[in-house]
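What follows is a short report on a single structure.
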Amino acid sequence: MPANPVVRLLREPRWSPYLVGAMLGILSWITFATMDKALGTSTTMVRAAGGAERLIAPDHVQSEPYFVKYLGTAQDPKPVFEWQFALVIFLAVGAFIAARLSGKVRAEHVPDLWQQRFGPSKGLRYIAALLGGVILIIGARMAGGCTSGHGLSGGMQLSTSGWIFMAAMFAGGVPTAALLYRGLSDKGGAS
Amino acid sequence: MNAWFADPTTLLLGALTGLVFGFLLHKGGVTSFNVIVNQFRFKDFTVLKVMLTAIFVGGIGIYGMRAVGMDVALHVKGTALLANTLGGLIFGIGMVLLGYCPGTAIAAIGAGSRHAIVGVVGMLLGAAVYAEMYPWLQANILGVGNLGKVTIPEQVHISPFLLLIPLGVGAAIAFPRLKSSGRASSS
């Protein structure tokens with residue numbers, strides 16, 4: 001083990017949730033004060049989907065008011081790759097570095113908890129992940145944000161929408177988890 | 001304005017923010033499917049500990065900077081009671097099925113999760129589907145209970161600190177009693 005405490009901390013696989021939470025709070029101070037931005041992610045899915053669709057069917061994208069809202073019109077376009085899009089891409093890079101610093105990055109196809117309940121089938125896991133992704137983003141866009149935009153950024157600004165969203169998210173997620181993982185022992189799926 | 005790219009400074013700042021954000025999400029353990037799903041089973045409180053600490057520290061700082069006269073704008077999203085509630089419910093169902101939210105799914109891809117890639121493909125499809133549904137939703141759902149860009153302290157006429165401080169004290173009392181996973185053996 002290296003003696004330098006900073007290096008040792010960077011190589012730790014897990015940090016205290018309070019340390020991570022506090023640093024996410026401070027990251028938000030910086031984005032608010034110096035970039036005039038709040039952390040968020042799910043709008044990028046709209047820009048990415050609209051940008052991809054625009055390559056195939058530009059006229060159709062022009063006729064969808066939701067895409068026009070974020071990407072503008074042909075005469076007055078707004079960029080697909082903007083601040084949040086760069087943020088979203090680099091989320092993966094940041095997590096990769098964090099994982100790599102504490103060892104090898106292993107591929108995960110079927111997580112432990114899922115496997116204990118539904119078995120080792122990759123196909124079944126992928127179908128659930130695909131369906132989950134579709135449902136989740138429809139919910140996020142209807143609500144106007146996700147766990148970052150409504151949860152973190154909305155939560156810390158004490159916005160009414162953010163706190164309603166978080167309560168509703170748990171109200172939807174808790175029964176779903178109880179139903180999906182019904183009968184799994186208490187020991188099951190220790191994180 | 002360019003139809004594809006914002007200016008390089010904006011992109012660089014976004015990239016730096018994402019880099020730190022993703023790094024922290026992984027070190028916090030919330031790029032793990034097990035950690036996220038077990039929050040909804042009340043078996044692991046890591047997600048709530050990270051989120052509420054971020055909300056407390058972020059809120060104190062943002063409202064604090066404004067209180068001392070710094071020019072820091074809020075970025076409050078509009079409140080629409082039906083859409084926020086219904087969207088949140090749907091989001092919660094999807095989040096448990098996928099095992100990630102949008103940000104943690106992208107971060108999890110970097111940390112090796114292959115099924116998170118499938119989840120993000122689902123999100124892109126979902127966004128395209130949502131764009132098709134939008135005109136109907138706008139006419140029937142999105143406007144119901146629209147209160148505008150409001151915050152709780154504005155609505156109840158109270159200082160934001162009088163909400164944030166009890167939140168922090170409550171969390172400091174409750175959280176040590178609630179377990180969270182320690183060092184993850186698997187990510």
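Labels for the structure tokens follow display order: chains A, B, ..., residues from 1 in each chain, ligands from 1.
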
Review point. Quick one: residues within 12 Å of range 139-145 of chain B, only C-alpha atoms counted, chain neighbours fewer than 2 positions away excluded, as an NGL selection string?
Key: (:A and (141-144 or 161)) or (:B and (78-87 or 133-137 or 147-148))

Generate a file of the selected residues that holds C-alpha atoms, formatted as a PDB file, in the first residue's frame.
```pdb
ATOM      1  CA  ARG A 141     -39.539  13.161 -19.281  1.00  0.00           C
ATOM      2  CA  MET A 142     -43.137  13.264 -18.081  1.00  0.00           C
ATOM      3  CA  ALA A 143     -41.945  14.431 -14.657  1.00  0.00           C
ATOM      4  CA  GLY A 144     -39.471  16.869 -16.231  1.00  0.00           C
ATOM      5  CA  SER A 161     -41.292  19.473  -8.152  1.00  0.00           C
TER       6      SER A 161
ATOM      7  CA  GLY B  78     -41.581  23.776 -12.971  1.00  0.00           C
ATOM      8  CA  THR B  79     -44.049  22.022 -10.731  1.00  0.00           C
ATOM      9  CA  ALA B  80     -46.950  20.250 -12.416  1.00  0.00           C
ATOM     10  CA  LEU B  81     -48.619  18.114  -9.783  1.00  0.00           C
ATOM     11  CA  LEU B  82     -49.996  15.357 -12.011  1.00  0.00           C
ATOM     12  CA  ALA B  83     -46.972  15.062 -14.317  1.00  0.00           C
ATOM     13  CA  ASN B  84     -44.442  15.142 -11.452  1.00  0.00           C
ATOM     14  CA  THR B  85     -46.350  12.472  -9.550  1.00  0.00           C
ATOM     15  CA  LEU B  86     -47.271  10.197 -12.440  1.00  0.00           C
ATOM     16  CA  GLY B  87     -43.835  10.580 -14.039  1.00  0.00           C
ATOM     17  CA  MET B 133     -46.638  10.860 -27.007  1.00  0.00           C
ATOM     18  CA  TYR B 134     -45.827  14.481 -26.149  1.00  0.00           C
ATOM     19  CA  PRO B 135     -48.616  16.311 -28.045  1.00  0.00           C
ATOM     20  CA  TRP B 136     -51.271  14.170 -26.338  1.00  0.00           C
ATOM     21  CA  LEU B 137     -49.615  14.427 -22.928  1.00  0.00           C
ATOM     22  CA  LEU B 147     -47.826  25.822 -10.252  1.00  0.00           C
ATOM     23  CA  GLY B 148     -44.854  27.197 -12.179  1.00  0.00           C
TER      24      GLY B 148
END
```

Practice item. Per DSSP on the backbone, filter range 18-180 of chain B down to the residues in alpha helix (DSSP H) and report them as a PyMOL selection string. Key: chain B and resi 18-27+33-40+46-67+81-98+102-110+115-140+152-156+161-174

Check your understanding: Near Ile109 in chain B, within 10 Å and counting only C-alpha atoms, which residues show up once chain neighbours fewer than 2 positions away are dropped, as a list in words?
Key -> Leu91, Ala92, Val93, Ala95, Phe96, Ala107 and Glu108 of chain A; Thr31, Thr104, Ala105, Ile106, Ala107, Ala111, Gly112, Ser113, Arg114, His115, Ala116, Ile117, Val118, Gly119 and Val120 of chain B

Could you take the residues named above and write them with N, CA and C atoms, as a PDB file, in the first residue's frame?
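Heads up, here's the output in result07.pdb:
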```pdb
ATOM      1  N   LEU A  91     -19.482  10.993 -17.554  1.00  0.00           N
ATOM      2  CA  LEU A  91     -19.880  10.208 -16.389  1.00  0.00           C
ATOM      3  C   LEU A  91     -19.250   8.825 -16.472  1.00  0.00           C
ATOM      4  N   ALA A  92     -19.308   8.239 -17.664  1.00  0.00           N
ATOM      5  CA  ALA A  92     -18.748   6.894 -17.856  1.00  0.00           C
ATOM      6  C   ALA A  92     -17.235   6.917 -17.683  1.00  0.00           C
ATOM      7  N   VAL A  93     -16.599   7.968 -18.181  1.00  0.00           N
ATOM      8  CA  VAL A  93     -15.140   8.063 -18.064  1.00  0.00           C
ATOM      9  C   VAL A  93     -14.730   8.207 -16.597  1.00  0.00           C
ATOM     10  N   ALA A  95     -16.385   7.267 -13.928  1.00  0.00           N
ATOM     11  CA  ALA A  95     -16.629   6.020 -13.203  1.00  0.00           C
ATOM     12  C   ALA A  95     -15.583   4.969 -13.576  1.00  0.00           C
ATOM     13  N   PHE A  96     -15.179   4.964 -14.845  1.00  0.00           N
ATOM     14  CA  PHE A  96     -14.141   4.020 -15.267  1.00  0.00           C
ATOM     15  C   PHE A  96     -12.844   4.286 -14.502  1.00  0.00           C
ATOM     16  N   ALA A 107     -16.369  -7.029 -16.259  1.00  0.00           N
ATOM     17  CA  ALA A 107     -17.645  -6.933 -16.971  1.00  0.00           C
ATOM     18  C   ALA A 107     -18.732  -7.593 -16.143  1.00  0.00           C
ATOM     19  N   GLU A 108     -19.861  -6.918 -16.010  1.00  0.00           N
ATOM     20  CA  GLU A 108     -21.003  -7.497 -15.302  1.00  0.00           C
ATOM     21  C   GLU A 108     -22.162  -7.627 -16.280  1.00  0.00           C
TER      22      GLU A 108
ATOM     23  N   THR B  31     -23.136   3.045  -8.503  1.00  0.00           N
ATOM     24  CA  THR B  31     -23.113   2.469  -9.851  1.00  0.00           C
ATOM     25  C   THR B  31     -23.408   0.971  -9.762  1.00  0.00           C
ATOM     26  N   THR B 104     -26.643   7.052 -13.154  1.00  0.00           N
ATOM     27  CA  THR B 104     -25.882   5.916 -12.635  1.00  0.00           C
ATOM     28  C   THR B 104     -25.739   4.816 -13.691  1.00  0.00           C
ATOM     29  N   ALA B 105     -26.680   4.721 -14.639  1.00  0.00           N
ATOM     30  CA  ALA B 105     -26.549   3.723 -15.712  1.00  0.00           C
ATOM     31  C   ALA B 105     -25.352   4.055 -16.595  1.00  0.00           C
ATOM     32  N   ILE B 106     -25.232   5.327 -16.968  1.00  0.00           N
ATOM     33  CA  ILE B 106     -24.098   5.730 -17.805  1.00  0.00           C
ATOM     34  C   ILE B 106     -22.790   5.511 -17.050  1.00  0.00           C
ATOM     35  N   ALA B 107     -22.768   5.908 -15.771  1.00  0.00           N
ATOM     36  CA  ALA B 107     -21.559   5.713 -14.973  1.00  0.00           C
ATOM     37  C   ALA B 107     -21.248   4.223 -14.850  1.00  0.00           C
ATOM     38  N   ALA B 111     -17.961   1.525 -15.406  1.00  0.00           N
ATOM     39  CA  ALA B 111     -17.456   0.623 -14.375  1.00  0.00           C
ATOM     40  C   ALA B 111     -17.638  -0.842 -14.754  1.00  0.00           C
ATOM     41  N   GLY B 112     -18.067  -1.124 -15.986  1.00  0.00           N
ATOM     42  CA  GLY B 112     -18.082  -2.504 -16.477  1.00  0.00           C
ATOM     43  C   GLY B 112     -19.444  -3.132 -16.671  1.00  0.00           C
ATOM     44  N   SER B 113     -20.524  -2.448 -16.313  1.00  0.00           N
ATOM     45  CA  SER B 113     -21.845  -3.069 -16.439  1.00  0.00           C
ATOM     46  C   SER B 113     -22.267  -3.147 -17.907  1.00  0.00           C
ATOM     47  N   ARG B 114     -22.499  -4.370 -18.376  1.00  0.00           N
ATOM     48  CA  ARG B 114     -22.947  -4.562 -19.759  1.00  0.00           C
ATOM     49  C   ARG B 114     -24.458  -4.392 -19.897  1.00  0.00           C
ATOM     50  N   HIS B 115     -25.205  -4.837 -18.883  1.00  0.00           N
ATOM     51  CA  HIS B 115     -26.663  -4.700 -18.985  1.00  0.00           C
ATOM     52  C   HIS B 115     -27.097  -3.234 -18.897  1.00  0.00           C
ATOM     53  N   ALA B 116     -26.225  -2.380 -18.301  1.00  0.00           N
ATOM     54  CA  ALA B 116     -26.543  -0.943 -18.288  1.00  0.00           C
ATOM     55  C   ALA B 116     -26.525  -0.374 -19.710  1.00  0.00           C
ATOM     56  N   ILE B 117     -25.684  -0.943 -20.589  1.00  0.00           N
ATOM     57  CA  ILE B 117     -25.657  -0.487 -21.990  1.00  0.00           C
ATOM     58  C   ILE B 117     -27.024  -0.741 -22.629  1.00  0.00           C
ATOM     59  N   VAL B 118     -27.570  -1.938 -22.368  1.00  0.00           N
ATOM     60  CA  VAL B 118     -28.897  -2.267 -22.896  1.00  0.00           C
ATOM     61  C   VAL B 118     -29.935  -1.301 -22.327  1.00  0.00           C
ATOM     62  N   GLY B 119     -29.772  -0.973 -21.054  1.00  0.00           N
ATOM     63  CA  GLY B 119     -30.685  -0.026 -20.416  1.00  0.00           C
ATOM     64  C   GLY B 119     -30.647   1.345 -21.075  1.00  0.00           C
ATOM     65  N   VAL B 120     -29.453   1.810 -21.429  1.00  0.00           N
ATOM     66  CA  VAL B 120     -29.341   3.125 -22.073  1.00  0.00           C
ATOM     67  C   VAL B 120     -29.946   3.089 -23.480  1.00  0.00           C
TER      68      VAL B 120
END
```

Practice item. Pick out the closest residue to chain A from this set: B:Lys27, B:Lys179, B:Arg66, B:His157. Count only C-alpha atoms. Key: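 The closest residue to chain A is B:Lys27.
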
Check your understanding: chain B: which residues are strand (DSSP E or B) by DSSP, as an MDAnalysis selection string?
Key -> chainID B and resid 5 79:80 113 146:148 151

Considering only C-alpha atoms, return as a tab-separated table (two decimals) with N, CA and C atoms, in the first residue's frame whatever protein or nucleic-acid residues lie within 10 Å of Ser102 in chain A, sequence-local ones (same chain, fewer than 6 positions apart) excluded.
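For reference, around-v3.tsv as written:
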```tsv
chain	number	residue	atom	x	y	z
A	8	ARG	N	-3.92	6.60	-1.32
A	8	ARG	CA	-4.61	5.48	-0.67
A	8	ARG	C	-6.13	5.68	-0.77
A	9	LEU	N	-6.58	6.91	-0.56
A	9	LEU	CA	-8.01	7.20	-0.66
A	9	LEU	C	-8.51	6.96	-2.08
A	10	LEU	N	-7.74	7.41	-3.06
A	10	LEU	CA	-8.16	7.25	-4.46
A	10	LEU	C	-8.26	5.77	-4.85
A	11	ARG	N	-7.46	4.94	-4.18
A	11	ARG	CA	-7.48	3.51	-4.51
A	11	ARG	C	-8.53	2.73	-3.72
A	12	GLU	N	-9.14	3.37	-2.72
A	12	GLU	CA	-10.22	2.71	-1.97
A	12	GLU	C	-11.37	2.39	-2.92
A	13	PRO	N	-11.90	1.14	-2.89
A	13	PRO	CA	-13.02	0.84	-3.79
A	13	PRO	C	-14.29	1.59	-3.43
A	14	ARG	N	-14.53	1.80	-2.13
A	14	ARG	CA	-15.76	2.51	-1.74
A	14	ARG	C	-15.43	3.61	-0.76
B	27	LYS	N	-17.40	5.80	-6.60
B	27	LYS	CA	-16.82	5.64	-5.26
B	27	LYS	C	-17.91	5.54	-4.20
```

Review point. What's the 8 Å shell around Ile36 in chain B, counting only C-alpha atoms, without same-chain residues fewer than 4 positions away, as a PyMOL selection string?
Key: chain B and resi 30-32+40+47+96+99-100

For the residues selected in the previous step, produce a file with C-alpha atoms as an mmCIF file, in the first residue's frame.
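Just written: again_39.cif:
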```
data_model
loop_
_atom_site.group_PDB
_atom_site.id
_atom_site.type_symbol
_atom_site.label_atom_id
_atom_site.label_comp_id
_atom_site.auth_asym_id
_atom_site.auth_seq_id
_atom_site.Cartn_x
_atom_site.Cartn_y
_atom_site.Cartn_z
ATOM 1 C CA VAL B 30 -24.325 3.847 -6.515
ATOM 2 C CA THR B 31 -23.113 2.469 -9.851
ATOM 3 C CA SER B 32 -24.024 -0.929 -8.380
ATOM 4 C CA PHE B 40 -35.948 0.182 -2.747
ATOM 5 C CA VAL B 47 -28.546 5.803 -2.106
ATOM 6 C CA VAL B 96 -36.144 -0.928 -10.162
ATOM 7 C CA GLY B 99 -31.445 -1.221 -11.476
ATOM 8 C CA TYR B 100 -30.084 2.218 -12.344
#
```

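Computed from the coordinates, the CA of Arg177 in chain B to CA of Leu27 in chain A distance equals 27.3 Å.
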
Using only C-alpha atoms, which residues sit within 12 Å of Gln75 in chain A once same-chain residues fewer than 6 positions away are excluded, as an mmCIF file with N, CA and C atoms, in the first residue's frame?
```cif
data_model
loop_
_atom_site.group_PDB
_atom_site.id
_atom_site.type_symbol
_atom_site.label_atom_id
_atom_site.label_comp_id
_atom_site.auth_asym_id
_atom_site.auth_seq_id
_atom_site.Cartn_x
_atom_site.Cartn_y
_atom_site.Cartn_z
ATOM 1 N N GLN A 62 -38.563 17.597 -37.226
ATOM 2 C CA GLN A 62 -39.077 18.974 -37.290
ATOM 3 C C GLN A 62 -40.551 19.060 -36.928
ATOM 4 N N VAL A 68 -38.390 19.735 -31.196
ATOM 5 C CA VAL A 68 -38.171 21.150 -31.539
ATOM 6 C C VAL A 68 -37.845 21.953 -30.272
ATOM 7 N N MET B 1 -26.677 29.490 -34.880
ATOM 8 C CA MET B 1 -26.227 28.485 -33.903
ATOM 9 C C MET B 1 -26.016 27.154 -34.611
ATOM 10 N N ASN B 2 -24.970 26.463 -34.221
ATOM 11 C CA ASN B 2 -24.636 25.162 -34.778
ATOM 12 C C ASN B 2 -25.681 24.125 -34.353
ATOM 13 N N ALA B 3 -26.077 23.247 -35.286
ATOM 14 C CA ALA B 3 -27.102 22.255 -34.983
ATOM 15 C C ALA B 3 -26.527 21.071 -34.215
#
```

Review point. To one decimal place, how far is CA of Phe23 in chain B from CA of Ala98 in chain A in Å?
Key: 5.1 Å

Exercise for review: One decimal, Å: what's the distance from CA of Arg106 in chain A over to CA of Gly25 in chain A, could you say?
Suggested key: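 These two atoms are separated by 29.2 Å.
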
Review point. Could you name the residues that touch Ser63 in chain A at 12 Å or less, counting only C-alpha atoms, but leaving out those on the same chain fewer than 3 positions away, as a PyMOL selection string?
Key: (chain A and resi 50+53-54+57-60+66-69+71-74) or (chain B and resi 131-132+134-135)

Keeping N, CA and C atoms for every residue in the selection just given, could you write it to a file as a PDB file, in the first residue's frame?
```
ATOM      1  N   GLY A  50     -33.253  12.481 -30.536  1.00  0.00           N
ATOM      2  CA  GLY A  50     -33.669  13.423 -31.583  1.00  0.00           C
ATOM      3  C   GLY A  50     -32.573  13.634 -32.610  1.00  0.00           C
ATOM      4  N   GLU A  53     -32.431  10.538 -34.775  1.00  0.00           N
ATOM      5  CA  GLU A  53     -33.592  10.493 -35.672  1.00  0.00           C
ATOM      6  C   GLU A  53     -33.471  11.528 -36.791  1.00  0.00           C
ATOM      7  N   ARG A  54     -32.851  12.658 -36.466  1.00  0.00           N
ATOM      8  CA  ARG A  54     -32.703  13.730 -37.437  1.00  0.00           C
ATOM      9  C   ARG A  54     -31.836  13.294 -38.621  1.00  0.00           C
ATOM     10  N   ALA A  57     -34.577  10.896 -40.475  1.00  0.00           N
ATOM     11  CA  ALA A  57     -35.840  11.520 -40.889  1.00  0.00           C
ATOM     12  C   ALA A  57     -35.921  12.953 -40.373  1.00  0.00           C
ATOM     13  N   PRO A  58     -35.162  13.876 -40.973  1.00  0.00           N
ATOM     14  CA  PRO A  58     -35.121  15.260 -40.474  1.00  0.00           C
ATOM     15  C   PRO A  58     -36.496  15.931 -40.452  1.00  0.00           C
ATOM     16  N   ASP A  59     -37.330  15.632 -41.454  1.00  0.00           N
ATOM     17  CA  ASP A  59     -38.642  16.281 -41.509  1.00  0.00           C
ATOM     18  C   ASP A  59     -39.536  15.844 -40.359  1.00  0.00           C
ATOM     19  N   HIS A  60     -39.417  14.550 -40.027  1.00  0.00           N
ATOM     20  CA  HIS A  60     -40.235  14.036 -38.928  1.00  0.00           C
ATOM     21  C   HIS A  60     -39.835  14.705 -37.607  1.00  0.00           C
ATOM     22  N   TYR A  66     -41.781  18.129 -29.288  1.00  0.00           N
ATOM     23  CA  TYR A  66     -40.879  17.840 -28.167  1.00  0.00           C
ATOM     24  C   TYR A  66     -39.419  17.942 -28.588  1.00  0.00           C
ATOM     25  N   PHE A  67     -39.115  17.461 -29.805  1.00  0.00           N
ATOM     26  CA  PHE A  67     -37.738  17.574 -30.300  1.00  0.00           C
ATOM     27  C   PHE A  67     -37.412  19.037 -30.644  1.00  0.00           C
ATOM     28  N   VAL A  68     -38.390  19.735 -31.196  1.00  0.00           N
ATOM     29  CA  VAL A  68     -38.171  21.150 -31.539  1.00  0.00           C
ATOM     30  C   VAL A  68     -37.845  21.953 -30.272  1.00  0.00           C
ATOM     31  N   LYS A  69     -38.492  21.588 -29.176  1.00  0.00           N
ATOM     32  CA  LYS A  69     -38.274  22.264 -27.901  1.00  0.00           C
ATOM     33  C   LYS A  69     -36.793  22.211 -27.490  1.00  0.00           C
ATOM     34  N   LEU A  71     -34.121  20.842 -29.652  1.00  0.00           N
ATOM     35  CA  LEU A  71     -33.147  20.912 -30.747  1.00  0.00           C
ATOM     36  C   LEU A  71     -33.403  22.083 -31.682  1.00  0.00           C
ATOM     37  N   GLY A  72     -34.470  22.826 -31.427  1.00  0.00           N
ATOM     38  CA  GLY A  72     -34.761  23.978 -32.267  1.00  0.00           C
ATOM     39  C   GLY A  72     -35.302  23.572 -33.632  1.00  0.00           C
ATOM     40  N   THR A  73     -35.367  24.542 -34.516  1.00  0.00           N
ATOM     41  CA  THR A  73     -35.862  24.289 -35.872  1.00  0.00           C
ATOM     42  C   THR A  73     -34.690  24.282 -36.844  1.00  0.00           C
ATOM     43  N   ALA A  74     -34.975  23.944 -38.098  1.00  0.00           N
ATOM     44  CA  ALA A  74     -33.911  23.926 -39.114  1.00  0.00           C
ATOM     45  C   ALA A  74     -33.305  25.318 -39.272  1.00  0.00           C
TER      46      ALA A  74
ATOM     47  N   ALA B 131     -41.387  11.463 -27.357  1.00  0.00           N
ATOM     48  CA  ALA B 131     -41.595  12.588 -28.290  1.00  0.00           C
ATOM     49  C   ALA B 131     -42.886  12.394 -29.087  1.00  0.00           C
ATOM     50  N   GLU B 132     -43.206  11.125 -29.406  1.00  0.00           N
ATOM     51  CA  GLU B 132     -44.449  10.835 -30.139  1.00  0.00           C
ATOM     52  C   GLU B 132     -45.675  11.048 -29.246  1.00  0.00           C
ATOM     53  N   TYR B 134     -45.838  13.141 -26.755  1.00  0.00           N
ATOM     54  CA  TYR B 134     -45.827  14.481 -26.149  1.00  0.00           C
ATOM     55  C   TYR B 134     -47.045  15.352 -26.478  1.00  0.00           C
ATOM     56  N   PRO B 135     -47.466  15.432 -27.760  1.00  0.00           N
ATOM     57  CA  PRO B 135     -48.616  16.311 -28.045  1.00  0.00           C
ATOM     58  C   PRO B 135     -49.857  15.922 -27.239  1.00  0.00           C
TER      59      PRO B 135
END
```

**Study point:** Counting only C-alpha atoms, the residue of A:Ala3, A:Val61, A:Leu124, A:Ala140 that sits nearest chain B
**Key:**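 Closest residue, counting only C-alpha atoms: A:Ala140.
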
Point to revise | Selected residue, from A:Ile56, A:Ala33, A:Ser153, A:Ile138, that lies nearest to Gly59 in chain B when counting only C-alpha atoms | key: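 Of all the options, A:Ser153 lies closest to Gly59 in chain B.
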